[in-house]
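upload16.cif, holding mmCIF, C-alpha atoms:
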```cif
data_data
#
loop_
_atom_site.label_atom_id
_atom_site.label_comp_id
_atom_site.auth_asym_id
_atom_site.auth_seq_id
_atom_site.Cartn_x
_atom_site.Cartn_y
_atom_site.Cartn_z
CA MET A 1 -4.18 12.45 4.87
CA SER A 2 -4.71 12.83 8.57
CA ALA A 3 -3.72 9.89 10.72
CA THR A 4 -7.00 10.19 12.69
CA ILE A 5 -9.54 10.77 9.90
CA PRO A 6 -9.81 7.95 7.38
CA ALA A 7 -10.36 8.60 3.69
CA VAL A 8 -13.91 7.50 2.87
CA LEU A 9 -15.44 6.79 -0.53
CA LEU A 10 -19.10 5.94 -1.17
CA VAL A 11 -19.28 3.76 -4.28
CA ASP A 12 -22.48 2.90 -6.16
CA ARG A 13 -23.46 -0.53 -7.49
CA GLU A 14 -21.70 0.08 -10.83
CA GLY A 15 -18.41 0.95 -9.11
CA MET A 16 -18.71 4.71 -9.61
CA ILE A 17 -17.63 6.98 -6.76
CA ALA A 18 -20.78 8.77 -5.59
CA SER A 19 -19.26 10.76 -2.73
CA GLN A 20 -16.04 11.24 -0.80
CA ASN A 21 -14.84 13.04 2.28
CA LEU A 22 -12.07 15.65 2.44
CA ALA A 23 -9.42 13.10 3.48
CA ALA A 24 -10.23 11.09 0.35
CA GLN A 25 -9.99 14.22 -1.80
CA VAL A 26 -6.52 14.87 -0.41
CA LEU A 27 -5.49 11.29 -1.18
CA VAL A 28 -7.04 10.72 -4.63
CA GLY A 29 -8.19 14.15 -5.77
CA ARG A 30 -11.79 14.92 -6.70
CA ALA A 31 -12.93 11.46 -7.66
CA LYS A 32 -16.72 11.77 -7.75
CA GLY A 33 -17.93 10.23 -11.01
CA ARG A 34 -14.76 8.14 -11.52
CA MET A 35 -14.58 4.38 -11.26
CA CYS A 36 -13.45 3.30 -7.80
CA TRP A 37 -11.28 0.39 -8.96
CA GLN A 38 -9.31 2.70 -11.25
CA THR A 39 -8.99 5.46 -8.66
CA VAL A 40 -8.07 3.35 -5.64
CA GLY A 41 -6.30 0.70 -7.69
CA THR A 42 -3.64 3.20 -8.77
CA LEU A 43 -2.71 4.30 -5.23
CA ALA A 44 -0.25 1.54 -4.52
CA THR A 45 1.37 -1.37 -6.22
CA CYS A 46 0.20 -4.29 -4.16
CA PRO A 47 -0.56 -7.76 -5.47
CA HIS A 48 -3.19 -8.20 -2.75
CA LEU A 49 -5.18 -5.06 -3.61
CA PRO A 50 -8.74 -6.31 -4.25
CA CYS A 51 -9.60 -3.53 -6.70
CA ALA A 52 -10.86 -4.84 -10.05
CA VAL A 53 -13.48 -4.04 -12.67
CA ASP A 54 -16.23 -6.01 -10.88
CA CYS A 55 -15.06 -5.83 -7.26
CA VAL A 56 -18.08 -3.82 -6.06
CA GLN A 57 -20.57 -6.25 -7.61
CA ARG A 58 -18.70 -9.22 -6.14
CA LEU A 59 -18.61 -7.61 -2.69
CA LEU A 60 -22.32 -6.74 -2.83
CA GLY A 61 -23.05 -10.33 -3.83
CA ARG A 62 -21.07 -11.78 -0.91
CA GLY A 63 -22.37 -9.35 1.66
CA LEU A 64 -20.61 -8.87 4.97
CA GLU A 65 -18.86 -12.25 4.65
CA GLY A 66 -16.68 -10.67 1.95
CA VAL A 67 -15.43 -7.89 4.21
CA GLN A 68 -11.80 -8.09 5.23
CA PRO A 69 -9.12 -5.43 5.55
CA THR A 70 -6.33 -5.22 3.00
CA TYR A 71 -2.99 -3.71 3.91
CA VAL A 72 -1.20 -1.53 1.38
CA THR A 73 1.85 0.69 1.47
CA ILE A 74 1.47 4.20 0.08
CA ALA A 75 4.43 6.58 0.11
CA GLY A 76 6.22 4.33 2.59
CA GLN A 77 3.34 4.28 5.07
CA ARG A 78 1.23 1.21 5.89
CA HIS A 79 -2.51 1.68 5.40
CA GLU A 80 -5.57 -0.49 6.02
CA MET A 81 -8.27 -0.50 3.35
CA THR A 82 -11.72 -1.89 4.12
CA CYS A 83 -14.71 -1.97 1.78
CA VAL A 84 -18.11 -2.70 3.34
CA PRO A 85 -21.39 -3.28 1.47
CA ALA A 86 -24.19 -1.05 2.71
CA ASP A 87 -27.62 -0.71 1.08
CA ASN A 88 -26.64 -1.20 -2.61
CA HIS A 89 -23.46 0.84 -2.11
CA VAL A 90 -19.98 0.08 -0.85
CA VAL A 91 -18.24 2.25 1.72
CA CYS A 92 -14.45 2.14 1.33
CA THR A 93 -12.19 3.47 4.06
CA LEU A 94 -8.44 3.92 3.95
CA ARG A 95 -6.64 4.73 7.17
CA HIS A 96 -3.15 4.51 8.59
CA ALA A 97 -2.78 1.01 9.94
CA THR A 98 -2.45 0.70 13.66
CA GLY A 99 0.87 -0.48 14.91
CA LYS A 100 4.38 0.81 14.67
CA THR A 101 5.20 3.34 12.00
CA PRO A 102 8.83 3.96 11.10
CA ASP A 103 10.71 6.45 13.24
CA GLY A 104 12.49 9.23 11.34
CA TRP A 105 15.82 7.40 11.42
CA GLU A 106 14.10 4.29 10.00
CA ALA A 107 12.69 6.12 6.97
CA LEU A 108 13.74 4.50 3.71
CA THR A 109 14.16 6.29 0.42
CA ARG A 110 12.04 5.35 -2.59
CA ARG A 111 14.95 3.43 -4.11
CA GLU A 112 15.67 1.63 -0.84
CA ARG A 113 12.01 0.57 -0.70
CA GLU A 114 12.30 -0.76 -4.26
CA VAL A 115 15.39 -2.78 -3.34
CA LEU A 116 13.65 -4.05 -0.19
CA GLY A 117 10.69 -5.20 -2.28
CA HIS A 118 13.03 -7.17 -4.54
CA LEU A 119 14.73 -8.72 -1.50
CA ALA A 120 11.33 -9.78 -0.15
CA CYS A 121 10.70 -11.59 -3.45
CA GLY A 122 13.98 -13.47 -3.03
CA ASP A 123 15.80 -11.68 -5.85
CA THR A 124 19.59 -11.78 -5.97
CA THR A 125 21.86 -8.76 -6.03
CA THR A 126 22.50 -9.36 -9.73
CA SER A 127 18.82 -9.61 -10.65
CA ILE A 128 17.96 -6.52 -8.58
CA ALA A 129 20.73 -4.55 -10.29
CA ASN A 130 19.52 -5.65 -13.72
CA SER A 131 15.89 -4.88 -12.89
CA LEU A 132 16.66 -1.39 -11.56
CA GLY A 133 19.36 -0.56 -14.12
CA VAL A 134 22.06 0.02 -11.52
CA SER A 135 25.32 -1.70 -10.62
CA GLU A 136 25.57 -4.56 -8.15
CA ALA A 137 27.71 -2.31 -5.96
CA THR A 138 24.84 0.20 -5.81
CA VAL A 139 22.42 -2.53 -4.73
CA ARG A 140 24.85 -3.70 -2.03
CA THR A 141 25.18 -0.08 -0.83
CA HIS A 142 21.39 0.28 -0.57
CA VAL A 143 21.17 -2.99 1.37
CA GLU A 144 23.93 -1.91 3.77
CA LYS A 145 22.32 1.51 4.37
CA MET A 146 18.97 -0.14 5.07
CA ARG A 147 20.59 -2.63 7.46
CA LEU A 148 22.15 0.27 9.37
CA LYS A 149 18.94 2.34 9.39
CA LEU A 150 16.81 -0.55 10.60
CA GLY A 151 19.40 -2.02 12.96
CA VAL A 152 19.51 -5.55 11.55
CA ALA A 153 22.38 -7.87 10.66
CA THR A 154 21.07 -9.96 7.76
CA ARG A 155 19.01 -9.58 4.59
CA ALA A 156 16.37 -11.90 6.07
CA ALA A 157 16.11 -9.72 9.16
CA LEU A 158 15.92 -6.67 6.89
CA VAL A 159 12.90 -8.14 5.08
CA ALA A 160 11.26 -9.11 8.39
CA LYS A 161 11.76 -5.58 9.73
CA GLY A 162 10.38 -4.20 6.45
CA PHE A 163 7.14 -6.12 7.03
CA GLN A 164 7.03 -5.03 10.67
CA LEU A 165 7.38 -1.37 9.74
CA GLY A 166 4.83 -1.56 6.94
CA TYR A 167 7.24 -1.12 4.04
CA LEU A 168 6.15 -4.48 2.64
CA ASP A 169 2.68 -5.96 2.23
#
```

Please rewrite the model in this file as structure tokens.
Amino acid sequence: MSATIPAVLLVDREGMIASQNLAAQVLVGRAKGRMCWQTVGTLATCPHLPCAVDCVQRLLGRGLEGVQPTYVTIAGQRHEMTCVPADNHVVCTLRHATGKTPDGWEALTRREREVLGHLACGDTTTSIANSLGVSEATVRTHVEKMRLKLGVATRAALVAKGFQLGYLD
């Protein structure tokens, strides 16, 4: 998806995608005729993602007061999603969030991002290792590599930097 052109979906009252632009096709594939909450809801694992079976109806009922951006991380990049009611439809846009994006040397691997997510939840080295099916030494290695990449001294600073760079929601 281009950093300058947002992905745009036009969603009807029932939550069905009625139209999409090319940037949206690149992001979610040809989604016309699919349910928006299923299509967008599978893009990222984010507890704050507002996608649900009746999200379009709820948003249409609230009107513009219900509009607020949601920040999600997709493939290590921070995005802003906004859904706006407009004439019995909802227009959803997904664009790269403004602000700092990670420099090349700050790029974390998928596994490092998983470990970072566990750290942000307050998990211990032991619980992270058990959850990911790796040794505690492997978790400590991932933490150390991330600390070096992001230039921080502590796990708390690592989590803070993760939020700053958009790795965490």

* Applied to the shown file, which residues does the PyMOL selection byres ((chain A and resi 125) around 8) return, written as a VMD selection string? -> chain A and resid 123 to 124 126 to 129 136 139 to 140

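Computed from the coordinates, the atom CA of A:Lys149 to atom CA of A:Leu108 distance equals 8.0 Å.
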
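The two atoms in question, atom CA of A:Glu144 and atom CA of A:Leu165, are spaced 17.6 Å apart.
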
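Restricting the calculation to only C-alpha atoms, the smallest distance between A:Gln57 and any of A:Val26, A:Leu132, A:Val90, A:Ala31 is found for A:Val90.
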
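Residues lying within 9 Å of (14.1, -4.5, 10.6). Counted over all atoms listed in the file, they are Glu106, Met146, Arg147, Lys149, Leu150, Gly151, Val152, Ala153, Ala156, Ala157, Leu158, Val159, Ala160, Lys161, Gly162, Phe163, Gln164 and Leu165 of chain A.
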
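For the set A:His142, A:Arg13, A:Val72, A:Cys83, the residue with the smallest atom-to-atom gap to A:Arg110 is A:His142, counting all atoms listed in the file.
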